[in-house]
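Participant: Dropping a structure here in structure tokens format, bear with me for questions.
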Amino acid sequence: MVTLELPDMTMEIVTDAGVFGAQKVDPGTRTLLMLAPDPPSEGEILDLGCGYGPIALALGKRAPGARIWAVDVNQRALDLVRRNADKLGVSNVTTSRPEDVPEGLRLAAIYSNPPVRIGKPAMHKMLTHWLQRLAPGGSAFLVVHKHLGGDSLAAWTEEQGFPTRRIGSKSGFRILEVASAAGE
């Protein structure tokens with residue numbers, strides 16, 4: 001069990017071995033939730049690489065009229081998100097493996113502490129897939145530590161046609177806003 005403390009909420013979240021941040025809420029995740037703008041009040045919002053759910057759960061509480069997609073490849077993580085959502089009464093969180101998200105779904109926003117340690121090629125492939133699904137006017141909010149490539153990731157998303165700007169920085173963590181592709 002870990003505690004996520006934010007100015008607008010405190011949540012006790014069940015974790016387990018084998019999921020990212022099982023011992024404590026990752027500081028990058030907390031930084032993202034502190035510095036990124038509030039989610040849209042409605043629409044489809046993605047927590048990419050949700051782990052046990054701190055981002056998805058916070059977004060669900062902040063935007064009860066939106067549907068939050070908690071997506072992960074780890075089935076244990078998805079089970080924990082469901083358990084935590086039930087325990088906390090967050091009813092607008094849908095858990096899913098990436099391949100089970102409806103193909104035509106357009107996202108109002110993406111929030112993610114992306115899995116940098118899977119390597120750049122795999123992470124770039126994953127991000128390209130999901131960034132292309134942003135609805136016109138939608139944005140992704142990503143947190144990446146500068147020592148893990150936060151600045152190079154911003155340059156890469158720009159090169160891919162996704163306007164990117166740093167909207168915050170704290171303790172080495174970069175918060176990037178990545179807009180839907182130009183012209184969309």
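In the structure tokens, chains take the letters A, B, ... in the order shown, each chain's residues start at 1, and ligands count up from 1 in the order shown.
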If you run DSSP on the backbone here, which positions in segment 13-164 of chain A get helix (DSSP H, G or I)? Please write them as a ChimeraX atom specification.
Facilitator: /A:27-35,54-62,75-88,98-100,116-118,120-131,146-148,150-159
Participant: Could you list, as a PyMOL selection string, every residue within 7 Å of Ala135 of chain A, counting only C-alpha atoms and ignoring same-chain residues fewer than 6 positions away?
Facilitator: chain A and resi 106-108+180
Participant: Under the rule of at most 8 Å, produce a per-residue listing of segment 123-152 of chain A near segment 26-45 of chain A: chain, number, name, the closest pair of atoms, and the distance in Å, as a tab-separated table, using only C-alpha atoms.
Facilitator:
```
residue	atom	partner	partner_atom	distance
A:Phe141	CA	A:Ala36	CA	6.6
A:Leu142	CA	A:Leu32	CA	7.3
A:Val143	CA	A:Leu32	CA	5.8
A:Val144	CA	A:Gly28	CA	7.1
A:His145	CA	A:Gly28	CA	7.4
```
Participant: Between atom CA of Gln160 of chain A and atom CA of Ser139 of chain A, what is the spacing in Å?
Facilitator: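 Computing the Euclidean distance for atom CA of Ser139 of chain A and atom CA of Gln160 of chain A yields 14.5 Å.
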Participant: Can you pull out every residue from chain A that DSSP, working from the backbone, puts in strand (DSSP E or B), and format the result as a PyMOL selection string?
Facilitator: chain A and resi 2-6+9-13+43-48+66-71+93-96+107-112+134-145+164-170+173-179
Participant: Segment 57-70 of chain A: which residues within 10 Å, counting only C-alpha atoms, same-chain residues fewer than 6 positions away excluded, as a PDB file with C-alpha atoms, in the first residue's frame?
Facilitator:
```pdb
ATOM      1  CA  LEU A   4      -0.572   9.431  -3.087  1.00  0.00           C
ATOM      2  CA  LEU A   6      -1.736  15.803  -3.858  1.00  0.00           C
ATOM      3  CA  ASP A   8      -6.638  18.180  -4.014  1.00  0.00           C
ATOM      4  CA  MET A   9      -6.695  14.555  -2.806  1.00  0.00           C
ATOM      5  CA  THR A  10      -5.050  11.813  -0.792  1.00  0.00           C
ATOM      6  CA  MET A  11      -5.425   8.181  -1.818  1.00  0.00           C
ATOM      7  CA  ILE A  13      -3.441   2.684  -3.224  1.00  0.00           C
ATOM      8  CA  LEU A  33       0.120  15.017 -11.320  1.00  0.00           C
ATOM      9  CA  ASP A  38      -6.181  19.157 -15.107  1.00  0.00           C
ATOM     10  CA  PRO A  39      -7.668  16.676 -17.544  1.00  0.00           C
ATOM     11  CA  PRO A  40     -10.521  17.600 -19.874  1.00  0.00           C
ATOM     12  CA  SER A  41     -13.853  17.305 -18.059  1.00  0.00           C
ATOM     13  CA  GLU A  42     -15.158  14.828 -20.645  1.00  0.00           C
ATOM     14  CA  GLY A  43     -13.975  12.591 -23.450  1.00  0.00           C
ATOM     15  CA  GLU A  44     -11.540   9.707 -23.633  1.00  0.00           C
ATOM     16  CA  ILE A  45      -8.313  10.083 -21.632  1.00  0.00           C
ATOM     17  CA  LEU A  46      -5.433   7.609 -21.652  1.00  0.00           C
ATOM     18  CA  ASP A  47      -3.041   6.701 -18.856  1.00  0.00           C
ATOM     19  CA  LEU A  48      -0.359   4.939 -20.886  1.00  0.00           C
ATOM     20  CA  GLY A  49       1.620   2.407 -18.848  1.00  0.00           C
ATOM     21  CA  CYS A  50      -0.729   2.784 -15.894  1.00  0.00           C
ATOM     22  CA  GLY A  51       0.983   0.428 -13.452  1.00  0.00           C
ATOM     23  CA  ALA A  77      -1.080  -4.045 -12.886  1.00  0.00           C
ATOM     24  CA  LEU A  78      -4.517  -3.937 -14.554  1.00  0.00           C
ATOM     25  CA  VAL A  81      -6.066  -0.674 -11.012  1.00  0.00           C
ATOM     26  CA  ARG A  82      -9.515  -2.337 -10.993  1.00  0.00           C
ATOM     27  CA  ASN A  84      -8.050   0.324  -6.427  1.00  0.00           C
ATOM     28  CA  ALA A  85     -10.797   1.962  -8.508  1.00  0.00           C
ATOM     29  CA  LEU A  88     -11.795   4.294  -3.962  1.00  0.00           C
ATOM     30  CA  GLY A  89     -15.158   4.533  -5.726  1.00  0.00           C
ATOM     31  CA  VAL A  90     -13.653   5.779  -8.997  1.00  0.00           C
ATOM     32  CA  SER A  91     -16.146   4.400 -11.503  1.00  0.00           C
ATOM     33  CA  ASN A  92     -14.923   6.056 -14.714  1.00  0.00           C
ATOM     34  CA  VAL A  93     -11.680   4.078 -15.090  1.00  0.00           C
ATOM     35  CA  THR A  94     -11.564   1.326 -17.733  1.00  0.00           C
ATOM     36  CA  THR A  95      -8.594  -1.046 -17.673  1.00  0.00           C
ATOM     37  CA  SER A  96      -7.274  -2.498 -20.903  1.00  0.00           C
ATOM     38  CA  ARG A  97      -4.343  -4.135 -22.577  1.00  0.00           C
ATOM     39  CA  PRO A  98      -3.101  -1.941 -25.457  1.00  0.00           C
ATOM     40  CA  VAL A 101      -8.486  -0.424 -26.837  1.00  0.00           C
ATOM     41  CA  LEU A 107      -8.163  10.617 -27.228  1.00  0.00           C
ATOM     42  CA  ALA A 108      -8.823  14.019 -25.709  1.00  0.00           C
ATOM     43  CA  ALA A 109      -5.620  13.657 -23.666  1.00  0.00           C
ATOM     44  CA  ILE A 110      -2.840  11.282 -22.702  1.00  0.00           C
ATOM     45  CA  TYR A 111      -1.027  11.362 -19.364  1.00  0.00           C
TER      46      TYR A 111
END
```
Participant: Neighbours of segment 152-159 of chain A within 12 Å (only C-alpha atoms; same-chain residues fewer than 2 positions away dropped), as a ChimeraX atom specification?
Facilitator: /A:114,116,119-121,123-125,127-128,131-132,140-150,161-167,174-182
Participant: Could those residues be written to a file, using C-alpha atoms, as a PDB file, in the first residue's frame?
Facilitator:
```pdb
ATOM      1  CA  PRO A 114       6.350   6.382 -20.081  1.00  0.00           C
ATOM      2  CA  VAL A 116      11.744   4.746 -20.738  1.00  0.00           C
ATOM      3  CA  GLY A 119      14.573   1.334 -24.745  1.00  0.00           C
ATOM      4  CA  LYS A 120      14.180   4.167 -27.212  1.00  0.00           C
ATOM      5  CA  PRO A 121      13.045   2.130 -30.253  1.00  0.00           C
ATOM      6  CA  MET A 123       9.205   3.540 -26.515  1.00  0.00           C
ATOM      7  CA  HIS A 124       9.189   5.578 -29.728  1.00  0.00           C
ATOM      8  CA  LYS A 125       7.032   2.941 -31.441  1.00  0.00           C
ATOM      9  CA  LEU A 127       4.395   6.721 -28.304  1.00  0.00           C
ATOM     10  CA  THR A 128       3.922   7.110 -32.059  1.00  0.00           C
ATOM     11  CA  LEU A 131       0.096  10.112 -30.152  1.00  0.00           C
ATOM     12  CA  GLN A 132      -1.475   9.461 -33.567  1.00  0.00           C
ATOM     13  CA  ALA A 140      -0.274  14.325 -24.241  1.00  0.00           C
ATOM     14  CA  PHE A 141       1.440  15.164 -20.971  1.00  0.00           C
ATOM     15  CA  LEU A 142       4.592  13.130 -20.408  1.00  0.00           C
ATOM     16  CA  VAL A 143       7.038  13.115 -17.527  1.00  0.00           C
ATOM     17  CA  VAL A 144      10.621  12.044 -18.196  1.00  0.00           C
ATOM     18  CA  HIS A 145      13.705  12.734 -16.116  1.00  0.00           C
ATOM     19  CA  LYS A 146      16.387  14.750 -17.915  1.00  0.00           C
ATOM     20  CA  HIS A 147      18.938  11.984 -17.218  1.00  0.00           C
ATOM     21  CA  LEU A 148      16.610   9.469 -18.900  1.00  0.00           C
ATOM     22  CA  GLY A 149      16.179  11.511 -22.062  1.00  0.00           C
ATOM     23  CA  GLY A 150      13.512  14.097 -21.294  1.00  0.00           C
ATOM     24  CA  GLY A 161       5.325  16.273 -36.325  1.00  0.00           C
ATOM     25  CA  PHE A 162       3.912  16.629 -32.808  1.00  0.00           C
ATOM     26  CA  PRO A 163       4.402  20.194 -31.511  1.00  0.00           C
ATOM     27  CA  THR A 164       6.091  19.851 -28.124  1.00  0.00           C
ATOM     28  CA  ARG A 165       6.919  22.235 -25.317  1.00  0.00           C
ATOM     29  CA  ARG A 166       8.198  21.853 -21.794  1.00  0.00           C
ATOM     30  CA  ILE A 167       5.520  23.111 -19.405  1.00  0.00           C
ATOM     31  CA  ARG A 174      10.552  17.374 -17.402  1.00  0.00           C
ATOM     32  CA  ILE A 175       6.821  17.741 -18.027  1.00  0.00           C
ATOM     33  CA  LEU A 176       6.238  17.807 -21.768  1.00  0.00           C
ATOM     34  CA  GLU A 177       3.063  18.818 -23.524  1.00  0.00           C
ATOM     35  CA  VAL A 178       2.859  17.066 -26.879  1.00  0.00           C
ATOM     36  CA  ALA A 179       0.063  18.372 -29.115  1.00  0.00           C
ATOM     37  CA  SER A 180      -1.821  16.391 -31.731  1.00  0.00           C
ATOM     38  CA  ALA A 181      -0.010  16.331 -35.078  1.00  0.00           C
ATOM     39  CA  ALA A 182       0.116  19.609 -36.985  1.00  0.00           C
TER      40      ALA A 182
END
```
Participant: A:Gly168, A:Gly21, A:Glu12, A:Pro136: which is nearest Lys87 of chain A, counting only C-alpha atoms?
Facilitator: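 Closest residue, counting only C-alpha atoms: A:Glu12.
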Participant: Which one of A:Ser112, A:Gly104, A:Val14, A:Arg133 sits closest to Arg83 of chain A if you count only C-alpha atoms?
Facilitator: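 Checking each of A:Ser112, A:Gly104, A:Val14, A:Arg133 against Arg83 of chain A, counting only C-alpha atoms, the winner is A:Val14.
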Participant: Using atom CA of Val71 of chain A and atom CA of Ala17 of chain A as the two end points, give the distance in Å to one decimal.
Facilitator: 18.3 Å
Participant: Looking at only C-alpha atoms, which of A:Arg117, A:Leu105, A:Gly53, A:Trp130 is the one that sits closest to Leu80 of chain A?
Facilitator: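 Closest to Leu80 of chain A, using only C-alpha atoms: A:Gly53.
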